[in-house]
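Asker: Just structure.cif, nothing more (mmCIF, C-alpha atoms):
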data_start
#
loop_
_atom_site.label_atom_id
_atom_site.label_comp_id
_atom_site.auth_asym_id
_atom_site.auth_seq_id
_atom_site.Cartn_x
_atom_site.Cartn_y
_atom_site.Cartn_z
CA MET A 84 0.00 0.00 0.00
CA ALA A 85 1.45 3.37 -1.02
CA SER A 86 2.21 5.84 1.74
CA TYR A 87 2.60 9.61 1.97
CA ASN A 88 6.23 9.37 3.14
CA ASN A 89 7.73 10.21 -0.26
CA GLU A 90 5.79 13.24 -1.41
CA PRO A 91 7.58 15.78 -3.65
CA ALA A 92 8.74 19.20 -2.48
CA ARG A 93 6.12 21.89 -3.05
CA ASN A 94 5.75 25.65 -3.14
CA PRO A 95 5.06 26.71 0.47
CA ASN A 96 2.84 29.55 -0.74
CA MET A 97 0.19 27.21 -2.16
CA THR A 98 -3.17 27.18 -0.40
CA ILE A 99 -3.54 23.61 0.89
CA ASN A 100 -7.13 22.35 0.76
CA CYS A 101 -6.29 18.75 1.68
CA LYS A 102 -2.96 17.39 2.92
CA GLU A 103 -3.49 13.65 2.25
CA PRO A 104 -4.03 13.23 -0.61
CA PHE A 105 -2.42 16.55 -1.44
CA ASN A 106 -4.70 19.13 -3.07
CA ALA A 107 -3.74 22.76 -3.35
CA GLU A 108 -4.31 25.89 -5.38
CA PRO A 109 -2.18 29.00 -5.84
CA PRO A 110 -3.14 32.13 -3.91
CA THR A 111 -5.70 34.12 -5.84
CA THR A 112 -3.42 37.15 -5.63
CA VAL A 113 -0.76 35.45 -7.80
CA LEU A 114 -3.03 33.48 -10.15
CA ARG A 115 -3.20 36.38 -12.60
CA GLU A 116 0.52 37.20 -12.50
CA HIS A 117 1.39 34.71 -15.27
CA PHE A 118 -0.62 33.85 -18.36
CA VAL A 119 1.34 30.59 -18.49
CA THR A 120 1.34 29.29 -14.94
CA PRO A 121 4.77 28.38 -13.52
CA ASN A 122 5.00 24.69 -12.65
CA ASP A 123 5.30 25.33 -8.92
CA GLN A 124 2.17 27.50 -8.94
CA PHE A 125 -0.02 25.14 -10.99
CA TYR A 126 -2.94 23.79 -8.96
CA ILE A 127 -2.47 20.23 -7.68
CA ARG A 128 -5.27 17.63 -7.68
CA ASN A 129 -4.24 14.25 -6.32
CA HIS A 130 -6.35 11.27 -5.24
CA ALA A 131 -3.59 9.18 -3.64
CA PRO A 132 0.10 9.33 -2.70
CA VAL A 133 2.28 10.61 -5.53
CA PRO A 134 3.99 7.69 -7.34
CA SER A 135 7.75 7.61 -7.67
CA LEU A 136 8.41 6.19 -11.13
CA ASP A 137 11.58 5.54 -13.10
CA GLY A 138 11.14 7.52 -16.29
CA ARG A 139 13.63 5.31 -18.14
CA THR A 140 11.81 2.02 -17.57
CA HIS A 141 8.16 2.94 -16.97
CA ARG A 142 5.90 1.85 -19.83
CA VAL A 143 2.38 2.63 -20.90
CA THR A 144 0.38 -0.18 -22.51
CA VAL A 145 -1.97 0.50 -25.42
CA ASP A 146 -4.51 -2.30 -25.52
CA GLY A 147 -8.20 -3.18 -25.48
CA LEU A 148 -9.77 -3.44 -28.92
CA VAL A 149 -6.76 -2.15 -30.85
CA PRO A 150 -5.44 -4.59 -33.50
CA ARG A 151 -1.78 -4.01 -32.51
CA PRO A 152 -1.25 -3.69 -28.74
CA LEU A 153 1.79 -1.63 -27.74
CA GLU A 154 4.10 -1.04 -24.79
CA LEU A 155 5.87 2.31 -24.92
CA THR A 156 8.48 4.03 -22.78
CA ALA A 157 8.74 7.80 -22.47
CA GLU A 158 11.80 7.72 -24.74
CA GLN A 159 9.87 5.83 -27.42
CA LEU A 160 6.98 8.26 -27.15
CA ARG A 161 9.50 11.06 -27.62
CA THR A 162 11.43 9.57 -30.57
CA TRP A 163 8.93 7.45 -32.47
CA PHE A 164 6.27 10.13 -32.90
CA PRO A 165 6.11 13.78 -33.99
CA GLN A 166 5.96 16.01 -30.90
CA ALA A 167 3.05 18.42 -30.52
CA THR A 168 3.14 21.59 -28.42
CA VAL A 169 -0.22 22.53 -26.92
CA MET A 170 -1.04 25.42 -24.62
CA ALA A 171 -4.02 24.28 -22.54
CA THR A 172 -5.76 25.43 -19.40
CA LEU A 173 -6.77 22.64 -17.04
CA MET A 174 -9.55 23.21 -14.54
CA CYS A 175 -10.77 20.98 -11.74
CA ALA A 176 -14.49 20.24 -12.00
CA GLY A 177 -14.75 21.44 -8.39
CA ASN A 178 -13.36 24.92 -9.07
CA ARG A 179 -15.44 27.51 -7.12
CA ARG A 180 -16.96 24.75 -4.95
CA THR A 181 -16.85 26.87 -1.79
CA GLU A 182 -19.51 29.16 -3.23
CA MET A 183 -21.89 26.20 -3.55
CA SER A 184 -21.19 25.15 0.04
CA ALA A 185 -22.29 28.62 1.12
CA ILE A 186 -25.75 27.79 -0.29
CA LYS A 187 -25.89 24.24 1.09
CA GLN A 188 -23.06 21.95 2.15
CA VAL A 189 -21.51 19.81 -0.60
CA ARG A 190 -18.91 17.02 -0.51
CA GLY A 191 -15.49 17.38 -2.04
CA VAL A 192 -12.19 19.21 -1.78
CA VAL A 193 -12.84 22.77 -0.63
CA TRP A 194 -11.70 24.64 -3.73
CA GLY A 195 -11.77 28.38 -4.15
CA HIS A 196 -11.56 29.82 -7.67
CA ALA A 197 -7.89 29.02 -8.31
CA ALA A 198 -8.26 25.29 -9.13
CA VAL A 199 -7.36 26.26 -12.67
CA SER A 200 -4.01 26.86 -14.37
CA ASN A 201 -2.51 27.22 -17.83
CA ALA A 202 0.58 25.46 -19.19
CA ILE A 203 2.39 24.60 -22.40
CA TRP A 204 2.43 20.82 -22.79
CA ARG A 205 4.51 18.76 -25.20
CA GLY A 206 4.35 15.15 -26.33
CA PRO A 207 2.95 12.93 -29.09
CA ARG A 208 -0.65 13.28 -30.15
CA LEU A 209 -2.89 10.58 -28.71
CA ARG A 210 -4.22 10.18 -32.26
CA ASP A 211 -0.78 9.15 -33.55
CA VAL A 212 -0.29 6.62 -30.77
CA LEU A 213 -3.67 5.04 -31.51
CA LEU A 214 -2.92 4.96 -35.24
CA MET A 215 0.29 3.04 -34.55
CA ALA A 216 -1.90 0.58 -32.64
CA GLY A 217 -4.05 0.07 -35.76
CA ILE A 218 -7.15 2.01 -34.74
CA GLU A 219 -7.93 2.80 -38.40
CA LYS A 220 -9.05 -0.83 -38.82
CA LEU A 221 -11.96 -0.11 -36.45
CA GLU A 222 -13.18 2.97 -38.33
CA SER A 223 -16.72 1.65 -38.80
CA ARG A 224 -17.08 1.56 -34.99
CA TRP A 225 -15.35 4.80 -34.02
CA GLU A 226 -18.54 6.58 -32.94
CA ASP A 227 -19.30 3.88 -30.37
CA LEU A 228 -15.84 3.49 -28.84
CA HIS A 229 -14.10 5.12 -25.89
CA VAL A 230 -10.49 5.56 -24.81
CA ASP A 231 -9.87 4.57 -21.22
CA PHE A 232 -6.89 5.89 -19.25
CA GLU A 233 -5.59 4.50 -15.98
CA GLY A 234 -2.80 5.77 -13.79
CA VAL A 235 -0.42 4.09 -11.39
CA ASP A 236 -1.87 5.90 -8.35
CA VAL A 237 -4.06 3.28 -6.64
CA CYS A 238 -6.86 5.13 -4.86
CA LYS A 239 -10.28 3.42 -5.17
CA GLU A 240 -11.41 -0.20 -5.54
CA ASP A 241 -7.75 -1.27 -5.70
CA ARG A 242 -7.36 0.45 -9.07
CA GLY A 243 -5.39 3.42 -10.27
CA TYR A 244 -7.20 6.67 -10.92
CA GLY A 245 -8.96 6.29 -14.26
CA SER A 246 -11.20 8.01 -16.74
CA SER A 247 -12.22 7.95 -20.39
CA ILE A 248 -13.13 10.15 -23.32
CA PRO A 249 -14.97 9.34 -26.57
CA LEU A 250 -12.66 7.91 -29.23
CA LEU A 251 -13.73 10.63 -31.66
CA LYS A 252 -12.33 13.25 -29.28
CA ALA A 253 -9.08 11.31 -29.01
CA LEU A 254 -8.74 11.03 -32.79
CA ASP A 255 -9.80 14.57 -33.69
CA PRO A 256 -6.73 16.15 -35.35
CA ARG A 257 -7.96 19.53 -34.11
CA GLY A 258 -8.68 18.26 -30.60
CA ASP A 259 -5.02 18.31 -29.54
CA ALA A 260 -5.24 15.46 -26.99
CA ILE A 261 -1.65 14.43 -26.25
CA VAL A 262 0.43 12.10 -24.13
CA ALA A 263 2.33 14.86 -22.34
CA LEU A 264 5.99 14.34 -21.49
CA GLU A 265 6.87 17.98 -20.80
CA MET A 266 5.27 20.89 -18.99
CA ASN A 267 6.46 24.44 -19.70
CA GLY A 268 9.67 23.23 -21.32
CA SER A 269 10.73 20.82 -18.57
CA GLU A 270 9.98 17.19 -17.81
CA LEU A 271 6.69 16.73 -15.98
CA PRO A 272 6.95 17.41 -12.23
CA ARG A 273 6.00 14.43 -10.06
CA ASP A 274 2.83 16.16 -8.86
CA HIS A 275 1.75 16.60 -12.47
CA GLY A 276 2.24 13.06 -13.73
CA TYR A 277 5.93 12.26 -14.32
CA PRO A 278 6.96 10.61 -16.55
CA MET A 279 3.82 10.74 -18.73
CA ARG A 280 0.21 11.85 -18.52
CA ILE A 281 -2.77 12.52 -20.73
CA VAL A 282 -3.78 16.12 -21.49
CA VAL A 283 -7.24 16.54 -22.98
CA PRO A 284 -7.74 20.26 -23.77
CA GLY A 285 -11.18 21.81 -23.31
CA VAL A 286 -12.33 19.02 -20.99
CA VAL A 287 -12.46 19.00 -17.18
CA GLY A 288 -9.14 18.12 -15.58
CA ALA A 289 -10.54 14.83 -14.28
CA ARG A 290 -10.05 13.29 -17.73
CA SER A 291 -6.36 14.22 -18.00
CA VAL A 292 -5.01 11.20 -16.15
CA LYS A 293 -1.55 11.43 -14.57
CA TRP A 294 1.19 8.78 -14.07
CA LEU A 295 -0.20 7.00 -17.10
CA LYS A 296 -0.15 3.19 -16.97
CA SER A 297 -2.58 2.18 -19.71
CA ILE A 298 -4.53 3.45 -22.70
CA SER A 299 -7.35 1.06 -23.61
CA VAL A 300 -9.86 1.29 -26.45
CA LEU A 301 -13.19 -0.03 -25.18
CA GLY A 302 -16.73 -0.47 -26.43
CA HIS A 303 -18.01 1.46 -23.41
CA GLU A 304 -17.02 4.22 -21.01
CA SER A 305 -14.42 3.50 -18.36
CA THR A 306 -15.73 1.42 -15.47
CA ASN A 307 -13.34 3.20 -13.13
CA TYR A 308 -14.87 4.65 -9.97
CA PHE A 309 -14.00 8.20 -11.03
CA GLN A 310 -15.92 7.84 -14.30
CA LYS A 311 -18.93 5.91 -13.00
CA ARG A 312 -19.34 7.17 -9.42
CA ASP A 313 -17.87 10.65 -9.46
CA TYR A 314 -17.53 13.74 -11.63
CA LYS A 315 -21.18 13.77 -12.63
CA LEU A 316 -23.70 16.60 -12.53
CA PHE A 317 -26.98 16.12 -10.69
CA LEU A 318 -30.21 18.07 -10.25
CA PRO A 319 -30.41 20.29 -7.15
CA HIS A 320 -32.97 18.02 -5.43
CA VAL A 321 -30.79 14.88 -5.62
CA ASP A 322 -29.28 14.09 -2.21
CA TRP A 323 -27.18 11.28 -0.74
CA ASP A 324 -30.31 9.30 0.10
CA THR A 325 -31.52 9.24 -3.51
CA ILE A 326 -28.28 9.45 -5.49
CA ASP A 327 -28.06 5.70 -6.19
CA ASP A 328 -30.92 6.11 -8.65
CA TRP A 329 -28.90 8.69 -10.60
CA TRP A 330 -25.38 7.36 -11.06
CA GLU A 331 -26.09 5.27 -14.14
CA LYS A 332 -28.48 7.66 -15.88
CA SER A 333 -26.30 10.75 -15.41
CA PRO A 334 -23.66 11.36 -18.09
CA SER A 335 -20.04 11.86 -17.13
CA ILE A 336 -18.79 15.42 -17.25
CA GLN A 337 -16.61 16.16 -20.27
CA GLU A 338 -16.32 19.67 -21.74
CA ILE A 339 -15.86 22.72 -19.52
CA PRO A 340 -18.77 25.18 -19.49
CA VAL A 341 -18.23 28.93 -19.72
CA GLN A 342 -16.40 29.95 -16.56
CA ALA A 343 -15.05 33.16 -15.07
CA ALA A 344 -13.67 34.48 -11.83
CA ALA A 345 -12.45 37.75 -10.39
CA THR A 346 -9.03 37.62 -8.79
CA ARG A 347 -9.22 41.27 -7.70
CA PRO A 348 -10.93 42.41 -5.50
CA GLN A 349 -11.20 39.59 -3.00
CA GLN A 350 -14.52 38.78 -1.37
CA GLY A 351 -15.08 41.36 1.38
CA GLU A 352 -12.07 43.49 0.42
CA ALA A 353 -12.73 47.07 1.47
CA ILE A 354 -12.13 49.80 -1.13
CA THR A 355 -12.12 53.53 -0.47
CA PRO A 356 -15.14 55.13 -2.19
CA GLY A 357 -14.33 57.36 -5.15
CA THR A 358 -10.82 56.00 -5.69
CA PRO A 359 -9.57 54.43 -8.95
CA TYR A 360 -9.43 50.65 -8.95
CA THR A 361 -8.94 47.93 -11.59
CA ILE A 362 -10.98 44.73 -11.30
CA LYS A 363 -9.15 41.71 -12.73
CA GLY A 364 -9.88 38.08 -13.49
CA TYR A 365 -9.85 35.18 -15.92
CA ALA A 366 -12.41 33.45 -18.15
CA LEU A 367 -12.45 30.25 -20.20
CA SER A 368 -14.73 27.82 -22.01
CA GLY A 369 -14.45 24.22 -23.19
CA GLY A 370 -14.41 22.51 -26.56
CA GLY A 371 -12.05 25.05 -28.11
CA ARG A 372 -14.64 27.81 -27.80
CA LYS A 373 -13.04 31.19 -27.19
CA ILE A 374 -14.20 33.80 -24.72
CA ILE A 375 -15.48 36.77 -26.69
CA ARG A 376 -16.80 39.01 -23.91
CA VAL A 377 -16.70 39.50 -20.16
CA ASP A 378 -19.32 41.73 -18.58
CA VAL A 379 -18.90 43.53 -15.26
CA SER A 380 -21.58 45.14 -13.11
CA LEU A 381 -20.98 47.37 -10.09
CA ASP A 382 -24.59 47.37 -8.89
CA GLY A 383 -25.45 43.70 -8.43
CA GLY A 384 -26.27 43.00 -12.07
CA LYS A 385 -28.61 45.86 -12.99
CA ARG A 386 -26.24 47.65 -15.37
CA TRP A 387 -23.35 46.06 -17.26
CA ASP A 388 -20.18 47.22 -19.00
CA VAL A 389 -17.63 45.27 -21.02
CA ALA A 390 -14.20 44.38 -19.66
CA ARG A 391 -11.00 44.42 -21.72
CA LEU A 392 -9.82 40.96 -22.82
CA PHE A 393 -6.19 40.20 -23.47
CA THR A 394 -3.99 37.18 -24.09
CA LYS A 395 -0.68 37.79 -22.35
CA VAL A 396 2.13 35.64 -23.76
CA ASN A 397 5.80 36.47 -24.10
CA GLU A 398 7.97 35.98 -27.17
CA ASN A 399 8.98 32.46 -26.17
CA GLN A 400 5.33 31.41 -25.87
CA THR A 401 3.79 32.95 -28.99
CA LYS A 402 4.34 29.82 -31.08
CA ALA A 403 1.82 27.93 -28.94
CA ASN A 404 -1.79 28.21 -30.10
CA THR A 405 -3.97 29.82 -27.41
CA LYS A 406 -7.13 28.08 -28.66
CA TRP A 407 -7.32 25.99 -25.47
CA SER A 408 -6.16 28.62 -22.98
CA TRP A 409 -7.97 30.97 -20.66
CA GLU A 410 -8.38 34.68 -21.30
CA PHE A 411 -7.37 37.40 -18.88
CA TRP A 412 -9.62 40.41 -18.44
CA GLU A 413 -9.57 43.69 -16.56
CA PHE A 414 -12.05 46.46 -15.87
CA PRO A 415 -10.72 49.87 -14.72
CA VAL A 416 -13.02 51.96 -12.53
CA LYS A 417 -12.25 55.68 -12.23
CA ALA A 418 -14.20 56.20 -9.03
CA PHE A 419 -15.11 53.01 -7.20
CA PRO A 420 -18.69 53.13 -5.81
CA ALA A 421 -18.06 51.18 -2.58
CA PRO A 422 -19.99 49.75 -0.91
CA CYS A 423 -21.31 47.71 -3.82
CA GLU A 424 -21.68 44.23 -5.28
CA VAL A 425 -19.39 43.43 -8.21
CA VAL A 426 -20.89 40.86 -10.58
CA VAL A 427 -19.08 39.16 -13.47
CA ARG A 428 -20.26 36.95 -16.33
CA ALA A 429 -18.56 35.68 -19.52
CA TRP A 430 -19.67 34.68 -23.03
CA ASP A 431 -18.01 32.33 -25.52
CA ASP A 432 -18.10 32.34 -29.31
CA ALA A 433 -21.13 30.01 -29.35
CA SER A 434 -23.05 32.63 -27.31
CA ASN A 435 -22.97 30.40 -24.23
CA THR A 436 -22.94 32.32 -20.97
CA MET A 437 -23.16 31.76 -17.21
CA PRO A 438 -26.34 31.21 -15.14
CA ASP A 439 -27.19 34.03 -12.75
CA ASP A 440 -28.59 31.91 -9.90
CA ILE A 441 -26.20 29.53 -8.17
CA SER A 442 -29.06 27.71 -6.46
CA SER A 443 -30.37 26.60 -9.88
CA ILE A 444 -27.18 24.63 -10.56
CA TRP A 445 -26.38 23.54 -7.00
CA ASN A 446 -25.44 19.87 -6.84
CA LEU A 447 -24.34 17.67 -3.96
CA ARG A 448 -20.80 17.20 -5.36
CA GLY A 449 -20.35 20.91 -5.94
CA VAL A 450 -19.06 20.53 -9.50
CA LEU A 451 -19.18 22.95 -12.44
CA ASN A 452 -20.16 26.03 -10.51
CA ASN A 453 -20.14 28.59 -13.31
CA SER A 454 -22.77 30.91 -11.90
CA TRP A 455 -22.32 34.68 -11.99
CA VAL A 456 -19.36 35.77 -9.87
CA ARG A 457 -20.59 37.96 -7.00
CA ILE A 458 -18.24 39.93 -4.75
CA LYS A 459 -19.42 42.06 -1.85
CA VAL A 460 -17.18 45.13 -1.54
CA PRO A 461 -17.53 47.19 1.66
CA ALA A 462 -16.42 50.79 1.84
CA LYS A 463 -13.02 51.50 3.34
CA ALA A 464 -13.01 54.45 5.70
CA LYS A 465 -11.12 57.47 4.42
CA ILE A 466 -8.16 58.49 6.53
#
Can the structure in the file be given as structure tokens, please?
Answerer:
Amino acid sequence: MASYNNEPARNPNMTINCKEPFNAEPPTTVLREHFVTPNDQFYIRNHAPVPSLDGRTHRVTVDGLVPRPLELTAEQLRTWFPQATVMATLMCAGNRRTEMSAIKQVRGVVWGHAAVSNAIWRGPRLRDVLLMAGIEKLESRWEDLHVDFEGVDVCKEDRGYGSSIPLLKALDPRGDAIVALEMNGSELPRDHGYPMRIVVPGVVGARSVKWLKSISVLGHESTNYFQKRDYKLFLPHVDWDTIDDWWEKSPSIQEIPVQAAATRPQQGEAITPGTPYTIKGYALSGGGRKIIRVDVSLDGGKRWDVARLFTKVNENQTKANTKWSWEFWEFPVKAFPAPCEVVVRAWDDASNTMPDDISSIWNLRGVLNNSWVRIKVPAKAKI
């Protein structure tokens, strides 16, 4: 049985939401400092002790229905396949969970709104790996098949953490799913899946399995606990007494909905009335849909104005496509009207937006809270 005696070193400034297994997010005050999140500030979502793997000998198996099963080391993944570079924002499905608990208690890691980070990943496309395994011979069945991933980290039912995505997503040449070997130009840190992990852009982080042990093509979704009994969205009236009736008939979460957060001001932060102040935050959406607008209200949602969007990458990062990344936004206020309620909502290029009422999307697992962001700002006394 794995123990927590060999955990990796971590940034001491991370906000720890659970020590064992380790789950942490960067302070909200630094989340917006980097468009590409430094490795040591990237949120950490673990379900078990962090494996300690030998990157030279560890292998991932490619099996299931594929005509040509494979076993591949990290070096083979690096040298046998073209390497793709993908900038992608990963977000935990439980991001902003604490706001749901304020309505009614939910179960899960107590995440604020920093369980989201952006990185530049590099490795072979999952599509190319599956093609080497002969997946083209199953083309007539592609629509009905799934790709199951399992990690080394044993955490439930004596199995590694696992998940799956539809095969069509895995094979989409524009979908950019990769077997990641690098993160921001360096080998993957242990907390983020060394020596190899799956990265599925535009989909909740739960599907980007770390410490990859197997890739299996199946005729059904993964039977792993975390696909069948977790990371699902339920109606507000479903509780722990009635949930057993809902597990099978509720689809697994895949694409990220429109999401936004304000990183400045903080909830309850006092601002001197009449002073200039810039509200800042991030926004993102799933499926490769870009954020086209962020609206900000200073009166609880009665009147809205449009924030400025910007993608902030440096010269060394401009070669990476930002299709799968978040957007930063800011909204300067010449004379802040404290006390007030700041409200934020975002829109993507399919005209999807965020629901105004958090109670309408409340669910007992506290996942996918993408309701309007509401921040109470008291007035700071003038000196």
Asker: Once the PyMOL selection byres ((chain A and resi 320) around 9) is applied to the coordinates I shared, what remains selected? I want it as a PDB file with C-alpha atoms, in the frame of the given file.
Answerer:
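Ended up saving to part16.pdb:
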ATOM      1  CA  PHE A 317     -26.980  16.120 -10.690  1.00  0.00           C
ATOM      2  CA  LEU A 318     -30.210  18.070 -10.250  1.00  0.00           C
ATOM      3  CA  PRO A 319     -30.410  20.290  -7.150  1.00  0.00           C
ATOM      4  CA  VAL A 321     -30.790  14.880  -5.620  1.00  0.00           C
ATOM      5  CA  ASP A 322     -29.280  14.090  -2.210  1.00  0.00           C
ATOM      6  CA  TRP A 445     -26.380  23.540  -7.000  1.00  0.00           C
ATOM      7  CA  ASN A 446     -25.440  19.870  -6.840  1.00  0.00           C
ATOM      8  CA  LEU A 447     -24.340  17.670  -3.960  1.00  0.00           C
TER       9      LEU A 447
END
Asker: Specify as a PyMOL selection string each residue included when the PyMOL selection byres ((chain A and resi 307) around 9) is applied to this file.
Answerer: chain A and resi 231+233+239-240+242-247+304-306+308-312
Asker: Just checking: using only C-alpha atoms, which residue out of A:Gly383, A:Leu160, A:Lys102, A:Thr436 ends up closest to Arg457 of chain A?
Answerer: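 The shortest atom-to-atom distance to Arg457 of chain A comes from A:Gly383.
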Asker: Could you jot down the atom CA of Asn100 of chain A to atom CA of Gly288 of chain A separation for me, Å, one decimal place?
Answerer: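 One can read the atom CA of Asn100 of chain A to atom CA of Gly288 of chain A distance as 17.0 Å.
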Asker: Tell me, in Å to one decimal, how far atom CA of Ala167 of chain A is from atom CA of Leu114 of chain A.
Answerer: 26.1 Å
Asker: Using the chain letters and numbers from the file, give me the residues hit by the PyMOL selection byres ((chain A and resi 435) around 10), as a PDB file with C-alpha atoms, in the frame of the given file.
Answerer:
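Result file follows (selection-v1.pdb):
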ATOM      1  CA  PRO A 340     -18.770  25.180 -19.490  1.00  0.00           C
ATOM      2  CA  VAL A 341     -18.230  28.930 -19.720  1.00  0.00           C
ATOM      3  CA  SER A 368     -14.730  27.820 -22.010  1.00  0.00           C
ATOM      4  CA  ARG A 372     -14.640  27.810 -27.800  1.00  0.00           C
ATOM      5  CA  ILE A 374     -14.200  33.800 -24.720  1.00  0.00           C
ATOM      6  CA  ALA A 429     -18.560  35.680 -19.520  1.00  0.00           C
ATOM      7  CA  TRP A 430     -19.670  34.680 -23.030  1.00  0.00           C
ATOM      8  CA  ASP A 431     -18.010  32.330 -25.520  1.00  0.00           C
ATOM      9  CA  ASP A 432     -18.100  32.340 -29.310  1.00  0.00           C
ATOM     10  CA  ALA A 433     -21.130  30.010 -29.350  1.00  0.00           C
ATOM     11  CA  SER A 434     -23.050  32.630 -27.310  1.00  0.00           C
ATOM     12  CA  THR A 436     -22.940  32.320 -20.970  1.00  0.00           C
ATOM     13  CA  MET A 437     -23.160  31.760 -17.210  1.00  0.00           C
ATOM     14  CA  PRO A 438     -26.340  31.210 -15.140  1.00  0.00           C
TER      15      PRO A 438
END
Asker: Near Ala198 of chain A, counting only C-alpha atoms, which residues have an atom at most 8 Å away, once you skip same-chain residues fewer than 2 positions from it, shown as JSON, numbers by chain?
Answerer: {"A": [107, 108, 109, 126, 127, 174, 175, 177, 178, 179, 194, 195, 196, 200]}
Asker: Keeping C-alpha atoms for every residue in the selection just given, could you write it to a file as a compact mmCIF listing (two decimals), in the coordinates of the input?
Answerer:
# COMPACT_ATOMS: atom_id res chain seq x y z
CA ALA A 107 -3.74 22.76 -3.35
CA GLU A 108 -4.31 25.89 -5.38
CA PRO A 109 -2.18 29.00 -5.84
CA TYR A 126 -2.94 23.79 -8.96
CA ILE A 127 -2.47 20.23 -7.68
CA MET A 174 -9.55 23.21 -14.54
CA CYS A 175 -10.77 20.98 -11.74
CA GLY A 177 -14.75 21.44 -8.39
CA ASN A 178 -13.36 24.92 -9.07
CA ARG A 179 -15.44 27.51 -7.12
CA TRP A 194 -11.70 24.64 -3.73
CA GLY A 195 -11.77 28.38 -4.15
CA HIS A 196 -11.56 29.82 -7.67
CA SER A 200 -4.01 26.86 -14.37
Asker: Just checking: using all atoms listed in the file, which residue out of A:Lys293, A:Gly206, A:Ala176, A:Asn201 ends up closest to Thr162 of chain A?
Answerer: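 Among the listed residues, A:Gly206 lies closest to Thr162 of chain A.
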Asker: Of the candidates A:Glu352, A:Pro249, A:Ala344, A:Asp146, which shows the shortest atom-to-atom distance to Trp225 of chain A, using all atoms listed in the file?
Answerer: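 Among A:Glu352, A:Pro249, A:Ala344, A:Asp146, it is A:Pro249 that comes nearest to Trp225 of chain A.
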Asker: Interatomic distance between atom CA of Lys296 of chain A and atom CA of Ile339 of chain A?
Answerer: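 Between these atoms lies a distance of 25.2 Å.
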Asker: For Met170 of chain A, please output as JSON, numbers by chain all residues within 12 Å (counting only C-alpha atoms; exclusion window: fewer than 4 positions along the same chain).
Answerer: {"A": [118, 119, 120, 200, 201, 202, 203, 204, 205, 206, 259, 260, 261, 263, 265, 266, 267, 268, 282, 283, 284, 285, 371, 396, 400, 401, 402, 403, 404, 405, 406, 407, 408, 409]}
Asker: Can you work out which one of A:Ala353, A:Val230, A:Ala92, A:Leu250 has the shortest atom-to-atom distance to Val292 of chain A, counting only C-alpha atoms?
Answerer: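 Selected residue with least distance to Val292 of chain A: A:Val230.
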Asker: Let me make sure I understand: among A:Asp327, A:Val145, A:Arg151, A:Cys238, which one has the smallest atom-to-atom distance to Glu103 of chain A if we use all atoms listed in the file?
Answerer: A:Cys238
Asker: Counting all atoms listed in the file, which residue out of A:Val189, A:Val237, A:Ala197, A:Leu153 sits closest to Val212 of chain A?
Answerer: A:Leu153
